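K.L.:
Pasting query.cif here (mmCIF, C-alpha atoms):
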data_query
loop_
_atom_site.label_atom_id
_atom_site.label_comp_id
_atom_site.auth_asym_id
_atom_site.auth_seq_id
_atom_site.Cartn_x
_atom_site.Cartn_y
_atom_site.Cartn_z
CA ALA A 18 55.37 19.15 70.54
CA ARG A 19 52.75 21.83 71.14
CA ALA A 20 55.08 24.49 69.76
CA ALA A 21 55.91 22.32 66.74
CA ARG A 22 52.20 21.79 66.02
CA GLN A 23 51.64 25.55 66.16
CA GLY A 24 54.57 26.25 63.86
CA LEU A 25 53.45 23.68 61.31
CA ALA A 26 49.69 24.31 61.54
CA ALA A 27 49.51 26.02 58.14
CA ALA A 28 51.43 23.18 56.44
CA VAL A 29 49.16 20.61 58.10
CA ARG A 30 46.09 22.51 56.89
CA VAL A 31 47.22 22.41 53.26
CA ALA A 32 48.31 18.76 53.50
CA ARG A 33 44.92 17.77 54.94
CA TRP A 34 43.14 19.76 52.26
CA ALA A 35 45.04 17.81 49.62
CA ASP A 36 44.33 14.51 51.38
CA THR A 37 40.61 15.22 51.65
CA THR A 38 40.09 16.90 48.28
CA LEU A 39 42.45 15.05 45.96
CA SER A 40 42.69 11.52 47.35
CA PRO A 41 41.40 8.64 45.19
CA GLY A 42 37.84 7.52 45.80
CA ASN A 43 36.44 10.80 47.08
CA GLY A 44 34.73 11.74 43.85
CA ASN A 45 36.66 14.95 43.42
CA GLY A 46 38.69 14.06 40.35
CA LYS A 47 42.10 13.08 41.73
CA GLY A 48 44.88 12.73 39.24
CA HIS A 49 43.84 15.25 36.57
CA GLY A 50 46.22 18.19 36.62
CA THR A 51 46.77 18.13 40.39
CA GLY A 52 50.54 18.04 40.22
CA ALA A 53 53.29 19.50 38.08
CA ARG A 54 55.08 16.54 36.52
CA ASP A 55 58.52 17.47 37.76
CA GLY A 56 59.10 14.46 40.03
CA GLN A 57 59.20 16.74 43.07
CA GLY A 58 55.54 16.87 44.10
CA THR A 59 55.11 20.52 43.14
CA LEU A 60 51.48 21.65 42.94
CA SER A 61 50.16 22.43 39.46
CA ASP A 62 48.83 25.93 38.85
CA ALA A 63 45.26 24.62 38.74
CA THR A 64 45.59 22.81 42.07
CA ALA A 65 47.32 25.75 43.75
CA HIS A 66 44.54 28.12 42.68
CA ARG A 67 41.89 25.63 43.81
CA ALA A 68 43.52 25.31 47.23
CA ALA A 69 43.86 29.06 47.57
CA ALA A 70 40.14 29.50 46.87
CA ASP A 71 39.08 26.71 49.24
CA LEU A 72 41.36 27.80 52.08
CA ASP A 73 41.04 31.57 51.54
CA LEU A 74 44.80 31.98 51.06
CA SER A 75 47.00 33.49 48.40
CA VAL A 76 48.50 31.14 45.81
CA GLY A 77 51.98 32.06 47.06
CA GLN A 78 51.04 31.12 50.63
CA VAL A 79 49.57 27.79 49.48
CA ARG A 80 52.78 26.93 47.64
CA ALA A 81 54.92 27.95 50.63
CA ASP A 82 52.83 25.85 53.03
CA TRP A 83 52.89 22.90 50.62
CA ASP A 84 56.70 23.09 50.40
CA THR A 85 56.87 23.13 54.20
CA ALA A 86 54.60 20.07 54.34
CA ARG A 87 56.92 18.20 51.97
CA LEU A 88 60.04 19.11 53.95
CA ALA A 89 58.39 18.10 57.25
CA GLY A 90 57.33 14.71 55.91
CA LEU A 91 53.61 15.52 56.07
CA VAL A 92 53.54 14.80 52.35
CA GLU A 93 55.63 12.10 50.67
CA VAL A 94 56.59 12.38 47.00
CA HIS A 95 56.77 9.26 44.83
CA GLY A 96 57.63 10.14 41.26
CA ASP A 97 54.94 12.55 40.04
CA ILE A 98 52.56 11.56 42.85
CA ALA A 99 52.38 13.19 46.27
CA ARG A 100 50.53 11.35 49.04
CA PRO A 101 49.97 11.88 52.77
CA GLY A 102 52.93 10.86 54.92
CA TRP A 103 52.66 8.74 58.08
CA ARG A 104 53.28 11.87 60.16
CA LEU A 105 50.08 13.45 58.89
CA ARG A 106 48.13 10.30 59.78
CA VAL A 107 49.28 10.35 63.42
CA TRP A 108 49.70 14.11 63.80
CA ASP A 109 47.09 14.63 66.52
CA ARG A 110 48.12 11.70 68.71
CA ASP A 111 51.86 11.12 68.29
CA ASP A 112 54.13 13.82 69.77
CA THR A 113 57.23 11.99 68.57
CA ALA A 114 56.02 12.14 64.97
CA VAL A 115 55.33 15.87 65.33
CA LEU A 116 58.78 16.56 66.74
CA ARG A 117 60.51 14.49 64.08
CA GLY A 118 58.60 16.41 61.44
CA TRP A 119 59.74 19.70 62.85
CA VAL A 120 63.35 18.50 63.11
CA ALA A 121 63.19 17.52 59.43
CA LEU A 122 62.11 21.09 58.65
CA PHE A 123 64.80 22.47 60.96
CA ASP A 124 67.45 20.44 59.11
CA ALA A 125 66.17 21.92 55.82
CA TRP A 126 66.22 25.57 56.94
CA SER A 127 68.43 26.60 54.01
CA LEU A 128 65.78 25.23 51.60
CA VAL A 129 62.95 26.98 53.41
CA HIS A 130 64.81 30.28 53.13
CA PRO A 131 67.07 30.02 50.04
CA ALA A 132 70.18 32.17 49.85
CA PRO A 133 69.98 35.23 47.58
CA GLU A 134 71.68 34.76 44.22
CA SER A 135 74.04 37.60 45.12
CA LEU A 136 75.75 35.38 47.71
CA GLU A 137 78.58 33.19 46.52
CA PRO A 138 77.52 29.48 46.51
CA ALA A 139 80.82 28.28 48.02
CA ALA A 140 80.51 30.74 50.90
CA VAL A 141 76.86 29.76 51.41
CA ALA A 142 77.89 26.10 51.73
CA GLU A 143 80.53 27.03 54.31
CA VAL A 144 78.00 28.94 56.39
CA VAL A 145 75.50 26.05 56.28
CA GLU A 146 78.28 23.79 57.57
CA ALA A 147 79.17 26.30 60.31
CA VAL A 148 75.61 26.86 61.58
CA PRO A 149 75.55 23.90 64.06
CA GLN A 150 78.44 25.46 65.99
CA LEU A 151 76.64 28.82 66.09
CA LEU A 152 73.51 27.13 67.43
CA SER A 153 75.49 25.25 70.07
CA PHE A 154 77.00 28.53 71.20
CA CYS A 155 73.54 30.12 71.41
CA GLN A 156 72.35 27.26 73.58
CA LEU A 157 75.40 27.56 75.82
CA MET A 158 74.70 31.26 76.29
CA ALA A 159 71.05 30.49 77.22
CA GLY A 160 69.84 33.94 76.21
CA PRO A 161 70.15 36.67 73.57
CA VAL A 162 73.47 36.56 71.74
CA PRO A 163 74.77 39.69 69.94
CA ALA A 164 75.06 39.26 66.19
CA ALA A 165 78.59 40.71 66.40
CA GLN A 166 79.63 37.82 68.65
CA LEU A 167 78.13 35.30 66.27
CA LEU A 168 79.91 37.01 63.37
CA ASP A 169 83.28 36.55 65.11
CA LEU A 170 82.48 32.89 65.76
CA LEU A 171 81.38 32.41 62.14
CA ASP A 172 84.61 33.97 60.89
CA GLN A 173 86.65 31.55 63.03
CA ARG A 174 84.61 28.52 61.96
CA VAL A 175 84.79 29.37 58.25
CA ALA A 176 88.55 29.78 58.54
CA GLU A 177 88.76 26.33 60.19
CA LEU A 178 86.64 24.76 57.46
CA ARG A 179 88.79 26.26 54.73
CA ALA A 180 91.92 24.93 56.43
CA GLU A 181 90.34 21.46 56.72
CA HIS A 182 89.26 21.43 53.07
CA CYS A 183 92.54 22.73 51.73
CA GLU A 184 94.29 20.16 49.53
CA ILE A 185 97.84 20.40 48.24
CA PRO A 186 97.71 19.49 44.51
CA TYR A 187 100.33 17.19 43.02
CA GLY A 188 102.77 18.93 40.69
CA PRO A 189 102.87 22.60 39.71
CA GLN A 190 99.42 24.16 40.07
CA PRO A 191 98.17 27.71 40.44
CA GLU A 192 97.47 28.69 44.00
CA PRO A 193 93.79 28.18 44.88
CA VAL A 194 91.95 31.38 45.60
CA PRO A 195 89.60 30.86 48.57
CA PRO A 196 86.54 33.13 48.86
CA GLN A 197 88.18 35.19 51.61
CA ASP A 198 86.81 38.48 50.36
CA THR A 199 83.16 37.40 50.68
CA PRO A 200 81.59 39.52 53.44
CA LEU A 201 80.24 37.27 56.14
CA LEU A 202 77.68 39.65 57.63
CA PRO A 203 75.12 39.22 54.78
CA LEU A 204 75.64 35.46 55.06
CA LEU A 205 75.06 35.56 58.82
CA ASP A 206 71.93 37.69 58.34
CA TRP A 207 70.63 35.18 55.80
CA ALA A 208 71.36 32.18 58.06
CA LEU A 209 69.72 33.72 61.12
CA ALA A 210 66.69 34.76 59.08
CA GLY A 211 66.40 31.20 57.74
CA LEU A 212 66.60 29.68 61.22
CA ALA A 213 64.00 32.19 62.41
CA ALA A 214 61.75 31.17 59.49
CA VAL A 215 61.54 27.60 60.80
CA GLY A 216 61.07 28.71 64.42
CA ALA A 217 64.49 27.71 65.76
CA LEU A 218 65.36 31.21 66.99
CA THR A 219 64.26 34.81 67.04
CA TYR A 220 66.40 37.49 65.44
CA ALA A 221 65.72 41.10 66.33
CA ASP A 222 67.65 44.16 67.49
CA GLU A 223 70.93 42.58 66.36
CA HIS A 224 70.47 39.69 68.82
CA ALA A 225 69.64 36.03 68.22
CA THR A 226 67.83 33.93 70.84
CA LEU A 227 67.02 30.23 70.59
CA THR A 228 63.36 29.39 71.00
CA PRO A 229 62.53 26.53 73.41
CA LEU A 230 61.94 24.35 70.36
CA GLY A 231 65.27 25.36 68.84
CA SER A 232 67.07 24.73 72.12
CA TRP A 233 65.49 21.28 72.34
CA ALA A 234 66.54 20.47 68.75
CA VAL A 235 70.15 21.48 69.41
CA TRP A 236 70.16 19.36 72.54
CA VAL A 237 68.83 16.36 70.57
CA LYS A 238 71.56 16.79 67.96
CA LEU A 239 74.26 16.96 70.62
CA GLU A 240 72.81 13.92 72.37
CA GLN A 241 72.88 11.96 69.11
CA ILE A 242 76.54 12.82 68.64
CA CYS A 243 77.30 11.69 72.21
CA VAL A 244 75.35 8.44 71.78
CA ALA A 245 77.16 7.69 68.54
CA ALA A 246 80.51 8.40 70.19
CA GLN A 247 79.76 5.93 73.00
CA SER A 248 79.04 2.89 70.87
CA PRO A 249 79.82 -0.06 73.19
CA ALA A 250 80.90 -2.42 70.42
CA GLY A 251 82.27 0.03 67.86
CA ASN A 252 79.93 -0.87 64.99
CA ILE A 253 78.84 2.64 64.02
CA GLU A 254 80.63 2.78 60.68
CA VAL A 255 79.72 -0.69 59.38
CA ALA A 256 76.75 -1.79 57.29
CA ALA A 257 73.56 -3.02 58.95
CA GLU A 258 74.33 -6.71 58.43
CA ASP A 259 77.78 -6.43 60.03
CA MET A 260 76.39 -4.33 62.87
CA LEU A 261 73.72 -6.93 63.60
CA ARG A 262 76.30 -9.72 63.60
CA GLY A 263 78.34 -7.68 66.04
CA CYS A 264 75.31 -7.42 68.34
CA ALA A 265 74.43 -11.13 68.21
CA ARG A 266 76.38 -12.00 71.38
CA LEU A 267 75.51 -8.86 73.33
CA ARG A 268 72.99 -8.79 76.14
CA PRO A 269 69.66 -7.13 75.21
CA ASN A 270 70.40 -3.80 76.89
CA ALA A 271 73.88 -3.59 75.35
CA ALA A 272 72.48 -4.51 71.93
CA ARG A 273 69.84 -1.79 72.17
CA ALA A 274 72.53 0.74 73.07
CA GLU A 275 74.46 -0.36 69.99
CA TYR A 276 71.37 -0.03 67.80
CA ARG A 277 70.77 3.49 69.12
CA ALA A 278 74.38 4.49 68.42
CA TRP A 279 74.25 3.04 64.91
CA LEU A 280 70.94 4.78 64.19
CA ALA A 281 72.14 8.12 65.58
CA ALA A 282 74.87 8.23 62.94
CA ARG A 283 72.43 7.75 60.02
CA ASP A 284 69.43 9.16 58.26
CA VAL A 285 66.51 7.22 59.71
CA GLY A 286 65.00 6.38 56.31
CA ASN A 287 68.24 4.90 54.99
CA ALA A 288 68.78 3.02 58.26
CA VAL A 289 65.34 1.38 58.05
CA THR A 290 66.00 0.34 54.44
CA GLU A 291 69.37 -1.18 55.41
CA LEU A 292 67.86 -3.12 58.30
CA LEU A 293 65.06 -4.56 56.17
CA ASP A 294 67.55 -5.51 53.45
CA ALA A 295 69.56 -7.37 56.09
CA ALA A 296 66.37 -9.07 57.29
CA ARG A 297 65.67 -10.37 53.77
CA GLY A 298 68.94 -12.32 53.72
CA GLU A 299 69.37 -16.03 54.36
CA ASP A 300 70.53 -15.71 57.98
CA ALA A 301 67.47 -16.09 60.22
CA LEU A 302 69.34 -14.71 63.22
CA LEU A 303 69.84 -11.39 61.42
CA ARG A 304 66.13 -11.32 60.61
CA GLY A 305 65.18 -11.37 64.27
CA LEU A 306 67.91 -8.89 65.24
CA ALA A 307 66.92 -6.50 62.44
CA PHE A 308 63.39 -6.26 63.82
CA GLU A 309 64.77 -5.71 67.32
CA ALA A 310 66.72 -2.75 65.91
CA LEU A 311 63.56 -1.54 64.15
CA ARG A 312 61.82 -1.52 67.55
CA VAL A 313 64.41 1.04 68.62
CA VAL A 314 63.61 3.11 65.51
CA GLY A 315 59.91 3.19 66.44
CA ALA A 316 57.30 5.21 64.52
CA PRO A 317 59.44 6.28 61.50
CA ALA A 318 59.84 2.60 60.57
CA GLU A 319 56.08 1.91 60.54
CA PRO A 320 55.34 2.52 56.80
CA GLU A 321 58.24 0.33 55.63
CA VAL A 322 57.48 -2.41 58.17
CA ARG A 323 53.83 -2.39 57.05
CA ARG A 324 55.00 -2.88 53.46
CA ALA A 325 57.36 -5.65 54.61
CA ALA A 326 54.34 -7.57 55.92
CA GLY A 327 53.64 -8.45 52.29
CA ASP A 328 56.94 -10.37 52.07
CA PRO A 329 56.37 -14.02 53.13
CA HIS A 330 59.84 -14.19 54.71
CA LEU A 331 59.25 -11.09 56.83
CA ARG A 332 55.50 -11.25 57.40
CA ALA A 333 55.48 -12.86 60.86
CA TYR A 334 58.17 -10.52 62.18
CA ALA A 335 56.45 -7.47 60.67
CA LEU A 336 53.03 -8.39 62.12
CA LEU A 337 54.50 -8.80 65.60
CA TRP A 338 56.32 -5.47 65.27
CA LEU A 339 53.14 -3.70 64.16
CA ALA A 340 51.11 -5.25 66.97
CA GLU A 341 53.62 -4.03 69.56
CA TYR A 342 53.77 -0.61 67.90
CA GLU A 343 49.99 -0.35 68.07
CA GLY A 344 50.00 -1.12 71.79
CA ALA A 345 49.20 -4.83 72.03
CA ASP A 346 49.95 -6.55 75.34
CA PRO A 347 53.38 -8.23 75.04
CA GLU A 348 51.93 -11.46 76.45
CA ASP A 349 49.20 -11.56 73.81
CA VAL A 350 51.13 -10.20 70.84
CA HIS A 351 51.56 -13.63 69.22
CA THR A 352 47.79 -13.93 68.83
CA VAL A 353 48.01 -11.66 65.77
CA LEU A 354 49.66 -14.53 63.87
CA THR A 355 47.73 -17.29 62.17
CA ARG A 356 48.69 -20.85 63.03
CA GLU A 357 50.61 -21.09 59.76
CA GLU A 358 52.46 -17.81 60.38
CA ALA A 359 53.36 -18.88 63.93
CA THR A 360 54.69 -22.19 62.61
CA TRP A 361 56.74 -20.44 59.92
CA LEU A 362 58.21 -18.16 62.61
CA TRP A 363 59.01 -21.20 64.78
CA VAL A 364 60.96 -22.78 61.92
CA ASP A 365 62.78 -19.54 61.14
CA THR A 366 63.75 -19.06 64.79
CA ALA A 367 64.83 -22.71 64.99
CA ALA A 368 67.05 -22.12 61.95
CA ALA A 369 68.72 -19.24 63.79
CA VAL A 370 69.25 -21.44 66.84
CA ALA A 371 70.59 -24.30 64.70
CA ASP A 372 73.06 -21.98 62.94
CA HIS A 373 74.24 -19.99 65.94
CA GLY A 374 73.09 -21.71 69.14
CA GLU A 375 73.78 -24.90 71.05
CA ALA A 376 71.95 -28.23 70.82
CA PRO A 377 70.15 -27.97 74.22
CA LEU A 378 68.78 -24.60 73.14
CA LEU A 379 67.22 -26.15 70.04
CA VAL A 380 65.58 -28.84 72.15
CA ARG A 381 64.16 -26.20 74.51
CA HIS A 382 62.87 -24.33 71.46
CA LEU A 383 60.33 -27.16 71.07
CA GLU A 384 58.48 -25.77 74.09
CA SER A 385 57.67 -22.53 72.25
CA ALA A 386 55.79 -24.30 69.44
CA VAL A 387 52.04 -23.71 69.29
CA GLN A 388 51.39 -27.36 68.48
CA PRO A 389 50.65 -29.57 71.52
CA THR A 390 52.64 -32.59 70.30
CA VAL A 391 55.78 -33.19 68.28
CA PRO A 392 53.94 -35.21 65.58
CA ALA A 393 51.49 -32.29 65.14
CA LEU A 394 54.42 -29.87 64.97
CA ILE A 395 56.19 -31.97 62.33
CA GLU A 396 53.04 -32.19 60.23
CA GLU A 397 52.48 -28.44 60.26
CA VAL A 398 56.16 -27.62 59.80
CA ARG A 399 56.19 -29.70 56.64
CA ALA A 400 53.05 -27.91 55.41
CA VAL A 401 54.34 -24.33 55.71
CA GLY A 402 57.18 -24.93 53.27
CA HIS A 403 59.92 -22.95 55.00
CA PRO A 404 63.14 -23.21 52.93
CA ARG A 405 65.12 -24.30 56.01
CA THR A 406 62.69 -27.06 57.08
CA VAL A 407 65.02 -29.98 56.26
CA GLN A 408 68.03 -28.46 58.03
CA VAL A 409 65.95 -27.62 61.12
CA LEU A 410 64.50 -31.12 61.37
CA VAL A 411 67.91 -32.74 60.89
CA ALA A 412 69.46 -30.52 63.57
CA LEU A 413 66.57 -31.22 65.95
CA ALA A 414 66.88 -34.97 65.39
CA ALA A 415 70.61 -34.81 66.14
CA ALA A 416 70.05 -32.78 69.29
CA HIS A 417 67.07 -34.54 70.88
CA PRO A 418 67.90 -37.07 73.61
CA ASP A 419 64.83 -39.26 72.96
CA PRO A 420 65.89 -41.85 70.32
CA ALA A 421 62.34 -42.63 69.20
CA LEU A 422 61.42 -38.99 68.76
CA ALA A 423 64.73 -38.26 67.04
CA LYS A 424 64.05 -41.11 64.62
CA ALA A 425 60.61 -39.75 63.77
CA VAL A 426 62.01 -36.27 63.17
CA ARG A 427 64.80 -37.66 61.02
CA ARG A 428 62.26 -39.61 58.96
CA ALA A 429 60.22 -36.44 58.47
CA ALA A 430 63.35 -34.57 57.32
CA PHE A 431 64.06 -37.31 54.77
CA GLN A 432 60.50 -37.22 53.47
CA VAL A 433 60.57 -33.41 53.07
CA HIS A 434 63.94 -33.67 51.32
CA THR A 435 62.69 -36.30 48.85
CA GLY A 436 59.28 -34.68 48.38
CA GLY A 437 57.40 -37.51 50.08
CA ALA A 438 53.95 -37.15 51.60
#
Please render this file's structure as structure tokens.
P.N.:
Amino acid sequence: ARAARQGLAAAVRVARWADTTLSPGNGNGKGHGTGARDGQGTLSDATAHRAAADLDLSVGQVRADWDTARLAGLVEVHGDIARPGWRLRVWDRDDTAVLRGWVALFDAWSLVHPAPESLEPAAVAEVVEAVPQLLSFCQLMAGPVPAAQLLDLLDQRVAELRAEHCEIPYGPQPEPVPPQDTPLLPLLDWALAGLAAVGALTYADEHATLTPLGSWAVWVKLEQICVAAQSPAGNIEVAAEDMLRGCARLRPNAARAEYRAWLAARDVGNAVTELLDAARGEDALLRGLAFEALRVVGAPAEPEVRRAAGDPHLRAYALLWLAEYEGADPEDVHTVLTREEATWLWVDTAAAVADHGEAPLLVRHLESAVQPTVPALIEEVRAVGHPRTVQVLVALAAAHPDPALAKAVRRAAFQVHTGGA
């Protein structure tokens, strides 16, 4: 993390300048000519020159550092507006956020160091696809690797990729002409220079050597592949909702392993969106499981979970997640909920038990209510207006062994159903 902070220090400086100088409410005139309206968060000429003057940099360096900040997630682009990302907010205290930011830049090395126009686009794409194998080889060698050796490996990998992508057309067609005559050495030089530009390796004297940060990143990528390959329940390829259903009967440790495998096979932003979409469905069990999976995601999920706290159906789950993320004691975490929110969560959890559990489990669920008596619980349950209130009360009445209490609960269910007081 220290190395990543050093490598991204210039990008952080520009991002913080923008946050301090251009943010709303600071009296510095945010929103007037600060961005080029291209939907990509590019700095306008006026803003770039202003930053260069304030930071004592060239305009070209400001733009390069700003681009790096965008790629590393220090700045998030929303339409024509760029705003500080969550990584910038936690940069000084969260090593995981720093490392994820650097990995995002590492993954975008070909954007940081674009290929010259003289190189054939199809060949460039093949080299980008072949780079992970070159990096794995460099890590295996654990030292300087001659460029000639990497060139041989690149030649083999490109040949394999062309064989894999070769399709036999139906009917008489002219023979496809693969870009076999494209020299690979300029492509290798470009790739190694791009990886050096993001700090993944050093390239000098015709030898490439992984930096400690680059070696760590390669190891993380390999570990993700291994985790994904060892999915205990085989749910890697399915959508979030189906994956969560597949985890419903697993023990907690096995479920967490399945979440990790599923997440390792996806972009983290898309995975968080899928999980929250599943949580917004009608199945309360999936709601709880989705937030368990989001606990495995950790810090990258924080902005979306914070936004989800504005959704009445997700609010209680999101507040508990945020409290745990911010370091609250697990035994006291429920104190962040209001009485109404805790009651809503009790009903939602009871709905999950009623749909997927057994009757004795629903009866035991009564013990987790914040209300001291069943009549008090019924009164507050009716007040929160959960859409599953009637079904929960009916199921509880059917499951409870005390006839008098069951009758009272059944009467309450009827009154809620008919809109009675």
K.L.:
On this file, the PyMOL selection byres ((chain A and resi 121) around 12) gives some set of residues; write that set as a ChimeraX atom specification.
P.N.:
/A:21,25,85-91,104,114-120,122-129,215,234,238,284-286
K.L.:
Write the residues of the preceding selection, restricted to C-alpha atoms, as a PDB file, in the frame of the given file.
P.N.:
ATOM      1  CA  ALA A  21      55.910  22.320  66.740  1.00  0.00           C
ATOM      2  CA  LEU A  25      53.450  23.680  61.310  1.00  0.00           C
ATOM      3  CA  THR A  85      56.870  23.130  54.200  1.00  0.00           C
ATOM      4  CA  ALA A  86      54.600  20.070  54.340  1.00  0.00           C
ATOM      5  CA  ARG A  87      56.920  18.200  51.970  1.00  0.00           C
ATOM      6  CA  LEU A  88      60.040  19.110  53.950  1.00  0.00           C
ATOM      7  CA  ALA A  89      58.390  18.100  57.250  1.00  0.00           C
ATOM      8  CA  GLY A  90      57.330  14.710  55.910  1.00  0.00           C
ATOM      9  CA  LEU A  91      53.610  15.520  56.070  1.00  0.00           C
ATOM     10  CA  ARG A 104      53.280  11.870  60.160  1.00  0.00           C
ATOM     11  CA  ALA A 114      56.020  12.140  64.970  1.00  0.00           C
ATOM     12  CA  VAL A 115      55.330  15.870  65.330  1.00  0.00           C
ATOM     13  CA  LEU A 116      58.780  16.560  66.740  1.00  0.00           C
ATOM     14  CA  ARG A 117      60.510  14.490  64.080  1.00  0.00           C
ATOM     15  CA  GLY A 118      58.600  16.410  61.440  1.00  0.00           C
ATOM     16  CA  TRP A 119      59.740  19.700  62.850  1.00  0.00           C
ATOM     17  CA  VAL A 120      63.350  18.500  63.110  1.00  0.00           C
ATOM     18  CA  LEU A 122      62.110  21.090  58.650  1.00  0.00           C
ATOM     19  CA  PHE A 123      64.800  22.470  60.960  1.00  0.00           C
ATOM     20  CA  ASP A 124      67.450  20.440  59.110  1.00  0.00           C
ATOM     21  CA  ALA A 125      66.170  21.920  55.820  1.00  0.00           C
ATOM     22  CA  TRP A 126      66.220  25.570  56.940  1.00  0.00           C
ATOM     23  CA  SER A 127      68.430  26.600  54.010  1.00  0.00           C
ATOM     24  CA  LEU A 128      65.780  25.230  51.600  1.00  0.00           C
ATOM     25  CA  VAL A 129      62.950  26.980  53.410  1.00  0.00           C
ATOM     26  CA  VAL A 215      61.540  27.600  60.800  1.00  0.00           C
ATOM     27  CA  ALA A 234      66.540  20.470  68.750  1.00  0.00           C
ATOM     28  CA  LYS A 238      71.560  16.790  67.960  1.00  0.00           C
ATOM     29  CA  ASP A 284      69.430   9.160  58.260  1.00  0.00           C
ATOM     30  CA  VAL A 285      66.510   7.220  59.710  1.00  0.00           C
ATOM     31  CA  GLY A 286      65.000   6.380  56.310  1.00  0.00           C
TER      32      GLY A 286
END
K.L.:
Please measure the separation of atom CA of A:Asp172 and atom CA of A:Leu136, giving the value in Å to one decimal.
P.N.:
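Value for the atom CA of A:Asp172-atom CA of A:Leu136 distance: 15.9 Å.
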K.L.:
Between atom CA of A:Asn270 and atom CA of A:Ala310, what is the spacing in Å?
P.N.:
11.6 Å
K.L.:
Of the candidates A:Pro131, A:Pro404, A:Gly231, A:Gly374, which shows the shortest atom-to-atom distance to A:Val145, using only C-alpha atoms?
P.N.:
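Distance minimum relative to A:Val145 lands on A:Pro131.
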K.L.:
Hey, which of A:Glu254, A:Asp111, A:Glu358, A:Glu375 ends up closest to A:Ala282? Count all atoms listed in the file.
P.N.:
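Looking at the shortest contact to A:Ala282, the residue is A:Glu254.
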K.L.:
Could you list the residues chosen by the PyMOL selection byres ((chain A and resi 143) around 10) in this structure as a count of residues only?
P.N.:
17
K.L.:
In terms of the shortest atom-to-atom distance over only C-alpha atoms, which of A:Arg297, A:Arg22, A:Arg323, A:His417 is closest to A:Gly216?
P.N.:
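The answer is A:Arg22, which sits nearest to A:Gly216.
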K.L.:
Quick check, in Å to one decimal: how far apart do atom CA of A:Glu341 and atom CA of A:Leu311 lie?
P.N.:
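About the pair atom CA of A:Glu341 and atom CA of A:Leu311: they are 11.6 Å apart.
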K.L.:
Identify all residues satisfying the PyMOL selection byres ((chain A and resi 260) around 12) in the given file; provide them as a ChimeraX atom specification.
P.N.:
/A:248-259,261-267,272-273,275-280,288,291-292,295,303,306-307,310
K.L.:
Output, as lines of an AutoDock Vina configuration file, the centre and edge lengths in Å (one decimal) of the axis-aligned box that contains all listed atoms of stretch 261-278 of chain A with 8 Å of margin on each side.
P.N.:
center_x = 74.0
center_y = -3.8
center_z = 70.2
size_x = 24.7
size_y = 32.5
size_z = 29.3
K.L.:
Would you kindly return, as number ranges by chain, each protein, DNA or RNA residue with an atom no farther than 6 Å from any atom of A:Ala414, considering only C-alpha atoms and excluding same-chain residues fewer than 4 positions away?
P.N.:
A: 423, 426-427
K.L.:
For the residues selected in the previous step, produce a file with C-alpha atoms as an mmCIF file, keeping the file's coordinate frame.
P.N.:
data_model
loop_
_atom_site.group_PDB
_atom_site.id
_atom_site.type_symbol
_atom_site.label_atom_id
_atom_site.label_comp_id
_atom_site.auth_asym_id
_atom_site.auth_seq_id
_atom_site.Cartn_x
_atom_site.Cartn_y
_atom_site.Cartn_z
ATOM 1 C CA ALA A 423 64.730 -38.260 67.040
ATOM 2 C CA VAL A 426 62.010 -36.270 63.170
ATOM 3 C CA ARG A 427 64.800 -37.660 61.020
#
K.L.:
Looking at A:Ala132, A:Leu218, A:Leu105, A:Leu383, which one is nearest to A:Gly160, with distances taken over only C-alpha atoms?
P.N.:
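Looking at the shortest contact to A:Gly160, the residue is A:Leu218.
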K.L.:
May I ask which of the residues A:Val322, A:Glu223, A:Asp206, A:Arg304 is the closest one to A:Val289, counting all atoms listed in the file?
P.N.:
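Using all atoms listed in the file, the shortest distance to A:Val289 belongs to A:Val322.
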K.L.:
Could you pull the residues within 12 Å of A:Thr355, counting all atoms listed in the file, minus those fewer than 4 positions along the same chain, as number ranges by chain?
P.N.:
A: 332-333, 336-337, 350-351, 359-362, 387, 401
K.L.:
Within 8 Å of A:Leu205, counting only C-alpha atoms, which residues qualify if same-chain residues fewer than 2 places away don't, as a VMD selection string?
P.N.:
chain A and resid 144 168 171 201 to 203 207 to 209
